[in-house]
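Everything below concerns the one structure shown next.
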Amino acid sequence: MAKDLRTVPRAPGRLPVLGHLLPLWRSPLDFLKALPESGELVRVDLGTMPVYVVTTPQLTNDLLVRKAPSFARGRLFERARGPLGIGLPTADGEFHRKHRRLMQPMFHRNQIDQYAAVMSRKAEDMADSWQAGRTLALNQESYAFAIHTLSETMFSNTISPEAAEQIRRHVPVMIKYTLVRALQPKVLERVPVRANRDFDLAAATLRSIIDDVIATTRRVGPREDAIDLLSLLISARDADNGEGLTDLEIRDELVGTLFTGTETSASTMSWAFHELARHPDVEKKVVAEIRDVVGDGPVRAEHIPQLAYLNRVLDEVTRLHAIPLLMRRTIEPVEFGGVALPAGTEVAYSLYALHQDRRLYPNPRQFDPDRWLLEPGRERPRENFVPFGAGVHKCIGEQYARMEMAIGLATVLSRWRLVPEPGAEVREVAAAVAYPDRLPMIPQPREAA
């Protein structure tokens, strides 16, 4: 018999009225990592609102896959609909199924292979722009690379350099503040502090830019040979009724893609440069593999499956710096983890905490790409590592992101050795992803083989 909801243990550190907002504000990542010590399902209070956080891979899989029909998007996604609109990252139900079906061709493997040429060219442009010995903000360089690459594959030639630069400036602002905005009481959004002003300006600017691009493309029409997302969405028709998407629906999908398609790639690349600089033995093996597989030419799509060690580095970085918090809400009574959850219950999960659970990963804070080497006949349980989610809401752009990150890293590492600026401290910040607050590094020319 299922237990009553009141039997779920509560996380320590709760304060009257504030609940657990203070420890979440002070040290959110440490707070989330400590939750498994309290149980498999733990109550966390966001002010006066209870949220039940799952802390095991089995319950996470139940939430996202096995019992997914009993859940819808939760509070975090609903709050994100204000700035992002209703698109794949925030939608649910039939709307989500319809739009995912329309957008799926954009992310087929043969289509992504075509985007690889854009990714390689943008990575070479980034590497060419650097000067030996001159300090770079590597986190900003990674964001610029991800945004410029995504902009070209989304908009082809219909976006001006000025608009692309505006996108590069404002997308990181939205990524920085979205999680905070989603968790805080809605009344605080109207407080005239800089964070709110910057966030509102970024969201409004992105919507305006994309509205202009859509209008221009509608007016001149998409090129027949265009493979970008905007052209695909304008041309897409529902298989059942032949209807196309409205301009608002297209804008929401493009804004959501810019947001989700930038955050993971840029953050993971930044952390990869950071970890490789701290582990020269790993970097040496990565560079040797790149030279053996790629040689002196540009990195191409067919090289990526052969870069086995580089892909293990990406898996390890993704494990260490995953998404801090996502949410679901029950749409019907459901037994979950031995507890009876009524309809309307908010349930959360943390991929960041899951991927650093010492029960799943020995020495979880240690950067060790070889942990992904398994003995013959052994398989890692699939639910233990889900950096792009699982089930019907699994990230549609996973293969795109992995291709982009691998090409970016391989291109840069074949040319430059990146040395941390002396005395620089890098701090992990919880936002939509766990990103580095700063990453000053000095490029040094890579010696020829």
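Each chain in the structure tokens gets a letter, A, B, ..., in the order shown, and its residues are numbered from 1; ligands are numbered from 1 in order too.
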
Select from stretch 285-443 of chain A everything DSSP, run on the backbone, classes as alpha helix (DSSP H), then give the selection as a compact mmCIF listing (two decimals) with N, CA and C atoms, in the first residue's frame.
# COMPACT_ATOMS: atom_id res chain seq x y z
N LYS A 285 46.80 13.01 -24.71
CA LYS A 285 46.17 11.88 -25.39
C LYS A 285 45.10 12.35 -26.38
N VAL A 286 44.35 13.41 -26.00
CA VAL A 286 43.34 13.95 -26.90
C VAL A 286 43.98 14.51 -28.16
N VAL A 287 45.03 15.29 -27.99
CA VAL A 287 45.70 15.91 -29.14
C VAL A 287 46.30 14.85 -30.05
N ALA A 288 46.91 13.81 -29.46
CA ALA A 288 47.48 12.73 -30.28
C ALA A 288 46.40 12.04 -31.10
N GLU A 289 45.23 11.82 -30.50
CA GLU A 289 44.14 11.19 -31.22
C GLU A 289 43.65 12.08 -32.36
N ILE A 290 43.52 13.38 -32.10
CA ILE A 290 43.07 14.31 -33.14
C ILE A 290 44.02 14.29 -34.33
N ARG A 291 45.32 14.32 -34.04
CA ARG A 291 46.31 14.32 -35.13
C ARG A 291 46.26 13.01 -35.90
N ASP A 292 46.03 11.91 -35.20
CA ASP A 292 46.00 10.62 -35.87
C ASP A 292 44.76 10.48 -36.75
N VAL A 293 43.62 10.96 -36.28
CA VAL A 293 42.36 10.78 -36.99
C VAL A 293 42.13 11.86 -38.04
N ALA A 308 37.37 8.51 -30.25
CA ALA A 308 36.78 7.82 -29.10
C ALA A 308 37.18 8.46 -27.77
N TYR A 309 38.45 8.83 -27.64
CA TYR A 309 38.90 9.39 -26.36
C TYR A 309 38.31 10.79 -26.15
N LEU A 310 38.26 11.59 -27.21
CA LEU A 310 37.64 12.91 -27.11
C LEU A 310 36.18 12.79 -26.70
N ASN A 311 35.48 11.81 -27.23
CA ASN A 311 34.08 11.62 -26.85
C ASN A 311 33.94 11.19 -25.39
N ARG A 312 34.91 10.44 -24.87
CA ARG A 312 34.87 10.10 -23.45
C ARG A 312 35.12 11.34 -22.59
N VAL A 313 36.00 12.22 -23.06
CA VAL A 313 36.22 13.49 -22.35
C VAL A 313 34.92 14.29 -22.30
N LEU A 314 34.20 14.34 -23.41
CA LEU A 314 32.93 15.07 -23.43
C LEU A 314 31.91 14.44 -22.49
N ASP A 315 31.85 13.11 -22.45
CA ASP A 315 30.93 12.45 -21.52
C ASP A 315 31.28 12.81 -20.08
N GLU A 316 32.56 12.82 -19.76
CA GLU A 316 32.97 13.10 -18.39
C GLU A 316 32.70 14.55 -18.00
N VAL A 317 32.94 15.47 -18.91
CA VAL A 317 32.63 16.88 -18.64
C VAL A 317 31.13 17.08 -18.48
N THR A 318 30.36 16.43 -19.34
CA THR A 318 28.91 16.54 -19.26
C THR A 318 28.39 15.96 -17.95
N ARG A 319 29.01 14.88 -17.49
CA ARG A 319 28.61 14.30 -16.20
C ARG A 319 28.88 15.27 -15.06
N LEU A 320 30.04 15.90 -15.07
CA LEU A 320 30.45 16.78 -13.97
C LEU A 320 29.64 18.07 -13.89
N LEU A 351 19.82 16.39 -12.64
CA LEU A 351 20.82 15.60 -13.35
C LEU A 351 22.21 15.88 -12.79
N TYR A 352 22.44 17.08 -12.32
CA TYR A 352 23.72 17.43 -11.70
C TYR A 352 23.98 16.54 -10.49
N ALA A 353 23.00 16.41 -9.60
CA ALA A 353 23.17 15.58 -8.42
C ALA A 353 23.23 14.09 -8.78
N LEU A 354 22.40 13.68 -9.71
CA LEU A 354 22.38 12.27 -10.12
C LEU A 354 23.74 11.84 -10.65
N GLU A 398 20.34 16.51 -29.31
CA GLU A 398 21.50 15.86 -28.69
C GLU A 398 22.63 15.60 -29.69
N GLN A 399 22.31 15.01 -30.83
CA GLN A 399 23.35 14.68 -31.79
C GLN A 399 23.97 15.94 -32.40
N TYR A 400 23.16 16.97 -32.59
CA TYR A 400 23.68 18.25 -33.06
C TYR A 400 24.70 18.79 -32.06
N ALA A 401 24.35 18.80 -30.78
CA ALA A 401 25.22 19.35 -29.75
C ALA A 401 26.52 18.56 -29.64
N ARG A 402 26.43 17.25 -29.67
CA ARG A 402 27.64 16.43 -29.56
C ARG A 402 28.56 16.66 -30.75
N MET A 403 27.99 16.76 -31.93
CA MET A 403 28.81 17.03 -33.12
C MET A 403 29.48 18.39 -33.00
N GLU A 404 28.73 19.40 -32.59
CA GLU A 404 29.26 20.76 -32.49
C GLU A 404 30.39 20.84 -31.46
N MET A 405 30.19 20.24 -30.29
CA MET A 405 31.21 20.29 -29.25
C MET A 405 32.48 19.57 -29.68
N ALA A 406 32.33 18.41 -30.28
CA ALA A 406 33.51 17.65 -30.70
C ALA A 406 34.30 18.38 -31.78
N ILE A 407 33.59 18.95 -32.76
CA ILE A 407 34.27 19.69 -33.82
C ILE A 407 34.96 20.92 -33.26
N GLY A 408 34.28 21.66 -32.38
CA GLY A 408 34.88 22.84 -31.79
C GLY A 408 36.15 22.52 -31.01
N LEU A 409 36.08 21.50 -30.16
CA LEU A 409 37.24 21.13 -29.37
C LEU A 409 38.38 20.62 -30.24
N ALA A 410 38.07 19.74 -31.18
CA ALA A 410 39.13 19.17 -32.02
C ALA A 410 39.81 20.23 -32.86
N THR A 411 39.06 21.18 -33.37
CA THR A 411 39.64 22.25 -34.19
C THR A 411 40.58 23.12 -33.37
N VAL A 412 40.13 23.53 -32.19
CA VAL A 412 40.94 24.41 -31.35
C VAL A 412 42.17 23.68 -30.82
N LEU A 413 41.99 22.47 -30.31
CA LEU A 413 43.10 21.76 -29.67
C LEU A 413 44.18 21.36 -30.65

Item to check | Near-stretch 322-333 of chain A list (6 Å; only C-alpha atoms; drop same-chain fewer than 2 positions) as a ChimeraX atom specification | outcome: /A:70-74,318-319,341-352,433

Those residues with C-alpha atoms, as a short mmCIF file (atom, residue, chain, number, x, y, z; two decimals), in the first residue's frame please?
data_model
loop_
_atom_site.label_atom_id
_atom_site.label_comp_id
_atom_site.auth_asym_id
_atom_site.auth_seq_id
_atom_site.Cartn_x
_atom_site.Cartn_y
_atom_site.Cartn_z
CA SER A 70 0.97 10.75 -15.31
CA PHE A 71 3.13 13.88 -15.41
CA ALA A 72 3.18 17.18 -17.30
CA ARG A 73 5.69 20.01 -17.35
CA GLY A 74 6.01 21.60 -13.92
CA THR A 318 28.91 16.54 -19.26
CA ARG A 319 28.61 14.30 -16.20
CA LEU A 341 1.03 11.58 -5.08
CA PRO A 342 -2.20 13.55 -5.65
CA ALA A 343 -2.80 15.46 -8.87
CA GLY A 344 -1.00 18.80 -8.91
CA THR A 345 2.08 17.63 -7.00
CA GLU A 346 5.34 19.27 -8.09
CA VAL A 347 8.18 16.77 -8.59
CA ALA A 348 11.77 17.75 -9.42
CA TYR A 349 14.97 16.00 -10.44
CA SER A 350 18.60 17.09 -10.67
CA LEU A 351 20.82 15.60 -13.35
CA TYR A 352 23.72 17.43 -11.70
CA VAL A 433 23.22 24.77 -16.73
#

Next on the checklist: Calculated over only C-alpha atoms, which of the candidates A:Asn241, A:Ser160, A:Asn110, A:Ser270 has the smallest distance to A:Pro440?
Outcome noted: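 Checking each of A:Asn241, A:Ser160, A:Asn110, A:Ser270 against A:Pro440, counting only C-alpha atoms, the winner is A:Ser270.
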
Tell me which protein, DNA and RNA residues are within 10 Å of A:Gly93, counting only C-alpha atoms, leaving out same-chain ones fewer than 2 positions away, and put them as a PDB file with C-alpha atoms, in the first residue's frame.
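Once written, result_23.pdb looks like this:
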ATOM      1  CA  PRO A  69       1.925   9.815 -18.897  1.00  0.00           C
ATOM      2  CA  ALA A  72       3.184  17.181 -17.298  1.00  0.00           C
ATOM      3  CA  ARG A  73       5.693  20.011 -17.354  1.00  0.00           C
ATOM      4  CA  ALA A  91       5.434  22.618 -24.416  1.00  0.00           C
ATOM      5  CA  PHE A  95       1.212  20.512 -29.037  1.00  0.00           C
ATOM      6  CA  HIS A  96       4.626  19.098 -28.141  1.00  0.00           C
ATOM      7  CA  ARG A  97       4.106  15.930 -30.206  1.00  0.00           C
ATOM      8  CA  LYS A  98       3.016  17.904 -33.265  1.00  0.00           C
ATOM      9  CA  VAL A 392       9.227  11.964 -24.881  1.00  0.00           C
TER      10      VAL A 392
END

Item to check | Closest of A:Pro185, A:Pro172, A:Pro89, A:Gly244 to A:Ala203 - atom-to-atom distances counting only C-alpha atoms | outcome: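 Ranked by minimum distance to A:Ala203, first place goes to A:Pro172.
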